[in-house]
>>> print(open('work.cif').read())   # mmCIF, C-alpha atoms
data_my_file
#
loop_
_atom_site.label_atom_id
_atom_site.label_comp_id
_atom_site.auth_asym_id
_atom_site.auth_seq_id
_atom_site.Cartn_x
_atom_site.Cartn_y
_atom_site.Cartn_z
CA MET W 150 118.42 110.66 94.97
CA THR W 151 118.38 111.70 91.33
CA ASP W 152 114.86 110.61 90.40
CA THR W 153 112.54 113.53 89.71
CA GLY W 154 108.85 114.14 89.31
CA ILE W 155 107.91 113.23 92.87
CA THR W 156 104.33 114.25 93.50
CA ARG W 157 101.69 113.36 96.01
CA PRO W 158 99.39 110.56 94.80
CA ALA W 159 95.69 111.28 94.74
CA GLY W 160 93.21 109.29 96.74
CA ASN W 161 93.57 106.90 99.66
CA ARG W 162 92.39 103.28 99.93
CA TRP W 163 92.24 101.84 96.39
CA GLY W 164 89.46 99.49 97.36
CA ARG W 165 87.21 102.33 98.58
CA TYR W 166 88.00 105.19 96.25
CA ALA W 167 89.10 105.55 92.67
CA LEU W 168 92.59 107.02 92.36
CA SER W 169 91.09 109.77 90.28
CA ALA W 170 93.07 110.58 87.17
CA ALA W 171 96.17 108.84 88.49
CA VAL W 172 97.95 105.53 88.54
CA LEU W 173 100.86 104.98 90.86
CA VAL W 174 104.11 104.26 89.14
CA LEU W 175 106.94 103.36 91.48
CA SER W 176 109.79 104.90 89.54
CA ILE W 177 109.55 102.76 91.41
CA ILE W 178 110.18 101.15 93.55
CA GLY W 179 113.43 102.61 91.89
CA VAL W 180 111.87 100.66 94.05
CA THR W 181 114.60 102.83 94.98
CA ALA W 182 114.53 101.39 98.23
CA LEU W 183 114.84 98.42 96.60
CA VAL W 184 118.19 99.82 95.82
CA ARG W 185 121.47 98.94 97.29
CA GLY W 186 121.53 100.45 100.75
CA GLY W 187 125.27 100.96 100.99
CA ASP W 188 126.50 102.36 104.26
CA GLN W 189 123.74 104.90 104.74
CA ASP W 190 121.90 104.76 108.05
CA ARG W 191 118.60 105.92 106.63
CA PRO W 192 116.66 103.70 104.22
CA ARG W 193 116.28 105.13 100.75
CA GLN W 194 112.77 106.12 99.76
CA ILE W 195 110.71 105.06 96.81
CA PRO W 196 109.54 107.99 94.70
CA LEU W 197 105.88 107.87 93.73
CA ALA W 198 105.47 109.44 90.33
CA VAL W 199 101.86 110.05 89.39
CA THR W 200 100.93 110.13 85.72
CA ALA W 201 97.63 111.01 84.13
CA ALA W 202 95.55 107.90 83.53
CA PRO W 203 91.93 106.75 83.45
CA SER W 204 90.16 106.47 86.77
CA VAL W 205 91.25 103.38 88.65
CA GLY W 206 88.80 101.35 90.65
CA GLY W 207 87.42 97.92 91.35
CA THR W 208 86.05 97.49 87.85
CA PRO W 209 87.74 97.92 84.48
CA SER W 210 87.96 101.52 83.29
CA GLY W 211 84.87 102.52 81.36
CA SER W 212 82.81 99.59 82.58
CA GLY W 213 80.47 101.75 84.61
CA GLY W 214 80.51 99.03 87.24
CA GLY W 215 78.39 96.79 85.06
CA GLU W 216 80.91 94.35 83.66
CA LEU W 217 81.25 90.93 85.20
CA THR W 218 84.47 90.13 86.97
CA THR W 219 86.41 86.96 86.27
CA GLY W 220 87.80 84.36 88.65
CA PRO W 221 87.48 84.12 92.43
CA LEU W 222 87.25 87.23 94.56
CA MET W 223 87.65 87.90 98.28
CA GLY W 224 86.50 90.71 100.51
CA THR W 225 88.86 93.35 101.85
CA SER W 226 91.26 92.22 104.58
CA ASN W 227 94.76 93.46 105.27
CA PRO W 228 97.56 91.02 104.39
CA THR W 229 99.87 89.81 107.14
CA ARG W 230 102.32 87.39 105.52
CA VAL W 231 103.55 86.27 102.11
CA VAL W 232 104.73 82.75 101.29
CA ILE W 233 106.52 81.95 98.02
CA PRO W 234 107.54 78.26 98.09
CA ALA W 235 109.74 78.41 94.97
CA LEU W 236 111.92 81.06 96.61
CA ASP W 237 111.78 79.68 100.16
CA VAL W 238 110.13 82.94 101.20
CA ASP W 239 107.89 83.06 104.26
CA VAL W 240 107.95 86.56 105.76
CA PRO W 241 105.67 89.06 107.49
CA LEU W 242 104.21 92.00 105.61
CA THR W 243 104.23 95.60 106.72
CA GLY W 244 102.00 98.38 105.41
CA LEU W 245 103.63 100.97 103.17
CA ASP W 246 101.95 104.34 103.34
CA GLN W 247 103.27 107.70 102.15
CA GLU W 248 105.74 110.13 103.64
CA ALA W 249 104.83 113.79 104.04
CA ASP W 250 106.65 114.60 100.79
CA GLY W 251 104.59 112.08 98.84
CA THR W 252 107.24 109.37 98.66
CA MET W 253 106.32 105.83 99.52
CA GLN W 254 107.51 104.29 102.74
CA VAL W 255 109.84 101.32 102.37
CA PRO W 256 110.51 98.21 104.44
CA ALA W 257 112.95 98.99 107.23
CA ASP W 258 115.06 95.88 106.73
CA ALA W 259 116.16 93.45 104.03
CA ARG W 260 113.77 90.68 105.10
CA THR W 261 110.40 92.38 105.45
CA VAL W 262 108.15 92.81 102.42
CA GLY W 263 105.71 95.71 102.26
CA TRP W 264 102.25 96.05 100.78
CA TYR W 265 101.04 99.39 99.48
CA THR W 266 98.02 100.41 101.54
CA GLY W 267 96.59 102.61 98.78
CA ALA W 268 96.07 99.60 96.50
CA PRO W 269 93.57 96.73 96.86
CA THR W 270 94.24 94.16 99.54
CA PRO W 271 95.42 90.83 98.07
CA GLY W 272 92.46 88.74 96.98
CA SER W 273 90.05 91.63 96.41
CA LEU W 274 89.28 93.08 92.99
CA GLY W 275 92.20 94.83 91.34
CA PRO W 276 96.00 94.70 91.41
CA ALA W 277 97.45 94.40 94.92
CA VAL W 278 101.07 95.57 95.18
CA LEU W 279 103.89 94.04 97.24
CA ALA W 280 107.41 95.48 97.25
CA GLY W 281 110.62 94.08 98.68
CA HIS W 282 114.32 94.81 98.69
CA VAL W 283 116.69 93.13 96.28
CA ASP W 284 119.41 93.98 98.81
CA TYR W 285 119.73 96.39 101.71
CA LYS W 286 122.73 97.54 103.74
CA LYS W 287 124.88 94.83 102.17
CA GLN W 288 122.34 92.15 103.10
CA PRO W 289 120.47 90.10 100.48
CA GLY W 290 116.83 91.10 100.24
CA THR W 291 113.84 88.81 100.37
CA PHE W 292 113.10 89.60 96.72
CA GLN W 293 116.67 89.05 95.56
CA ARG W 294 115.61 86.05 93.43
CA LEU W 295 112.23 87.39 92.38
CA ALA W 296 113.20 87.18 88.69
CA ASP W 297 113.63 83.39 89.08
CA LEU W 298 109.89 82.85 89.47
CA GLU W 299 108.16 81.08 86.58
CA PRO W 300 104.55 80.91 85.37
CA GLY W 301 102.59 78.54 87.57
CA ASP W 302 104.62 79.19 90.72
CA THR W 303 102.45 79.97 93.72
CA VAL W 304 102.33 83.05 95.92
CA ASN W 305 100.17 82.76 99.03
CA VAL W 306 99.15 85.75 101.12
CA ALA W 307 97.76 85.30 104.64
CA ARG W 308 95.19 87.90 105.70
CA GLU W 309 94.00 89.36 109.01
CA ASP W 310 90.61 87.66 108.77
CA GLY W 311 92.30 84.24 108.83
CA SER W 312 91.86 83.61 105.12
CA MET W 313 94.55 82.86 102.54
CA ALA W 314 94.69 84.41 99.06
CA MET W 315 96.39 81.89 96.77
CA PHE W 316 97.89 83.24 93.54
CA ALA W 317 99.61 81.68 90.53
CA VAL W 318 102.32 83.56 88.65
CA SER W 319 101.27 84.39 85.09
CA LYS W 320 104.42 86.15 83.90
CA VAL W 321 107.66 87.77 85.02
CA GLU W 322 108.85 90.92 83.27
CA ARG W 323 111.87 93.22 83.43
CA TYR W 324 111.43 96.87 82.47
CA ALA W 325 113.78 99.80 82.13
CA LYS W 326 112.49 102.41 84.55
CA ALA W 327 112.07 104.92 81.76
CA ARG W 328 109.63 102.50 80.08
CA PHE W 329 107.74 101.26 83.11
CA PRO W 330 104.26 100.07 82.00
CA THR W 331 102.12 102.03 84.42
CA ASP W 332 98.73 100.91 83.13
CA ALA W 333 99.66 97.23 82.96
CA VAL W 334 100.89 97.21 86.54
CA TYR W 335 98.46 99.55 88.29
CA GLY W 336 95.52 99.88 85.94
CA PRO W 337 92.02 98.43 86.51
CA ILE W 338 91.60 94.71 85.91
CA SER W 339 88.55 92.42 85.95
CA HIS W 340 89.94 90.00 88.54
CA ALA W 341 91.99 89.79 91.73
CA GLY W 342 95.61 90.25 90.78
CA LEU W 343 98.95 90.63 92.50
CA ARG W 344 102.12 92.46 91.50
CA LEU W 345 105.45 91.76 93.18
CA ILE W 346 108.00 94.47 92.48
CA THR W 347 111.70 94.89 93.11
CA CYS W 348 114.73 96.34 91.35
CA GLY W 349 116.75 94.61 88.69
CA GLY W 350 119.45 95.08 86.11
CA ASP W 351 122.68 96.92 86.78
CA PHE W 352 123.20 99.24 89.72
CA ASP W 353 123.93 102.81 88.67
CA SER W 354 126.25 104.07 91.40
CA THR W 355 126.11 107.62 90.01
CA ALA W 356 122.32 107.83 90.01
CA GLY W 357 122.04 105.73 93.19
CA HIS W 358 119.55 103.14 91.96
CA TYR W 359 119.14 100.07 89.80
CA GLU W 360 118.39 100.66 86.14
CA ASP W 361 115.43 98.29 85.83
CA ASN W 362 112.44 96.90 87.69
CA ILE W 363 111.36 93.29 87.98
CA VAL W 364 107.58 92.84 88.05
CA VAL W 365 105.89 89.53 88.74
CA TYR W 366 102.24 89.30 87.69
CA ALA W 367 100.01 86.78 89.45
CA ASP W 368 96.29 85.97 89.49
CA LEU W 369 94.11 84.70 92.31
CA THR W 370 93.34 81.02 91.79
CA MET W 371 91.83 80.04 95.12
CA ALA W 372 90.35 81.86 98.10
CA HIS W 373 90.90 79.77 101.20
CA PRO W 374 88.20 80.87 103.66
CA ALA W 375 88.76 82.04 107.17
#
>>> encode(input="work.cif", output="structure tokens")
Amino acid sequence: MTDTGITRPAGNRWGRYALSAAVLVLSIIGVTALVRGGDQDRPRQIPLAVTAAPSVGGTPSGSGGGELTTGPLMGTSNPTRVVIPALDVDVPLTGLDQEADGTMQVPADARTVGWYTGAPTPGSLGPAVLAGHVDYKKQPGTFQRLADLEPGDTVNVAREDGSMAMFAVSKVERYAKARFPTDAVYGPISHAGLRLITCGGDFDSTAGHYEDNIVVYADLTMAHPA
């Protein structure tokens, strides 16, 4: 792997603690796992580069906890499944923690989508993060057509407590990894948001990863109770 600047992210559960002076940028998710797996037996890892940023928490930075949030909100509950009707996606979710070297764990197969356990759970305040492969070991990944999503498309996330967090896509962006918008993706927001991330653009066989990232932004529109 040629990506550099791999450091250990600060903090643990995003919903309980502020990620003090850091925002996670998945160099992401080169999503590098979200890179072409080739013939390697071991899944490629996603480097977690940490950059200096305002404290991240459940309220917008600088609010002091006093600003009102906008839109529906749900309590904390781990996600179990993601359903994206426009892409014919209906797959289980697996938690993505960190490896001992600070890199982010990645889904072990092309089909499974992972949720980063250091971020908010989908439906609670802040930007929840889901990552999936664009392809893996010559198999198409669940997020292969992520860039085809359009504003208004729905993304539904089932949760352990029996509830369903229902999101609507607000925008779909493609970023060169060197210009990844850390604050926009991981920074504090005043509502329950969702970010779906995979790789995009051309595959750089020399560097071993895709050149860009696809990021889908979505907002919670309905909290279906347990």
>>> closest_residue(input="work.cif", among="W:Met315, W:Leu298, W:Val255, W:Met371", to="Pro228 (chain W)", atoms="only C-alpha atoms")
W:Met315
>>> atom_distance(input="work.cif", atom1="CA of Val238 (chain W)", atom2="CA of Asp302 (chain W)")
12.4 Å
>>> residues_around(input="work.cif", residues="Phe292 (chain W)", least_positions_apart="2", cutoff="10 Å", atoms="all atoms listed in the file", output="PyMOL selection string")
chain W and resi 183+236+238+259-262+280-284+289-290+294-297+345-348+363
>>> residues_around(input="work.cif", residues="Gly272 (chain W)", least_positions_apart="6", cutoff="10 Å", atoms="only C-alpha atoms", output="JSON, numbers by chain")
{"W": [221, 222, 223, 224, 225, 226, 227, 228, 305, 306, 307, 308, 312, 313, 314, 315, 316, 340, 341, 342, 343, 368, 369, 370, 371, 372]}
>>> atom_distance(input="work.cif", atom1="CA of Val334 (chain W)", atom2="CA of Phe352 (chain W)")
22.6 Å
>>> atom_distance(input="work.cif", atom1="CA of Gly244 (chain W)", atom2="CA of Thr218 (chain W)")
26.7 Å
>>> closest_residue(input="work.cif", among="W:Thr355, W:Asp246, W:Lys326, W:Asp361", to="Ala268 (chain W)", atoms="all atoms listed in the file")
W:Asp246
>>> closest_residue(input="work.cif", among="W:Leu274, W:Val365, W:Val240, W:Leu279", to="Ser319 (chain W)", atoms="all atoms listed in the file")
W:Val365
>>> residues_around(input="work.cif", residues="Glu299 (chain W)", least_positions_apart="5", cutoff="10 Å", atoms="all atoms listed in the file", output="CSV table (one decimal) with C-alpha atoms, keeping the file's coordinate frame")
chain,number,residue,atom,x,y,z
W,235,ALA,CA,109.7,78.4,95.0
W,317,ALA,CA,99.6,81.7,90.5
W,318,VAL,CA,102.3,83.6,88.6
W,319,SER,CA,101.3,84.4,85.1
W,320,LYS,CA,104.4,86.2,83.9
W,321,VAL,CA,107.7,87.8,85.0
W,365,VAL,CA,105.9,89.5,88.7
>>> axis_aligned_box(input="work.cif", around="region 361-375 of chain W", padding_each_side="4 Å", output="lines of an AutoDock Vina configuration file")
center_x = 101.8
center_y = 89.0
center_z = 96.5
size_x = 35.2
size_y = 26.5
size_z = 29.3
>>> closest_residue(input="work.cif", among="W:Trp264, W:Glu309, W:Ala257, W:Thr303", to="Thr229 (chain W)", atoms="all atoms listed in the file")
W:Glu309
>>> resolve_selection(input="work.cif", expression="the PyMOL selection byres ((chain W and resi 360) around 9)", output="number ranges by chain")
W: 179, 324-327, 348-353, 358-359, 361-362
>>> write_last_selection(input="work.cif", atoms="C-alpha atoms", output="PDB file, in the coordinates of the input")
ATOM      1  CA  GLY W 179     113.430 102.610  91.890  1.00  0.00           C
ATOM      2  CA  TYR W 324     111.430  96.870  82.470  1.00  0.00           C
ATOM      3  CA  ALA W 325     113.780  99.800  82.130  1.00  0.00           C
ATOM      4  CA  LYS W 326     112.490 102.410  84.550  1.00  0.00           C
ATOM      5  CA  ALA W 327     112.070 104.920  81.760  1.00  0.00           C
ATOM      6  CA  CYS W 348     114.730  96.340  91.350  1.00  0.00           C
ATOM      7  CA  GLY W 349     116.750  94.610  88.690  1.00  0.00           C
ATOM      8  CA  GLY W 350     119.450  95.080  86.110  1.00  0.00           C
ATOM      9  CA  ASP W 351     122.680  96.920  86.780  1.00  0.00           C
ATOM     10  CA  PHE W 352     123.200  99.240  89.720  1.00  0.00           C
ATOM     11  CA  ASP W 353     123.930 102.810  88.670  1.00  0.00           C
ATOM     12  CA  HIS W 358     119.550 103.140  91.960  1.00  0.00           C
ATOM     13  CA  TYR W 359     119.140 100.070  89.800  1.00  0.00           C
ATOM     14  CA  ASP W 361     115.430  98.290  85.830  1.00  0.00           C
ATOM     15  CA  ASN W 362     112.440  96.900  87.690  1.00  0.00           C
TER      16      ASN W 362
END
>>> closest_residue(input="work.cif", among="W:Asp237, W:Tyr335, W:Thr219, W:Val231", to="Gln293 (chain W)", atoms="all atoms listed in the file")
W:Asp237
>>> closest_residue(input="work.cif", among="W:Pro269, W:Tyr285, W:Pro234, W:Leu217", to="Pro256 (chain W)", atoms="all atoms listed in the file")
W:Tyr285
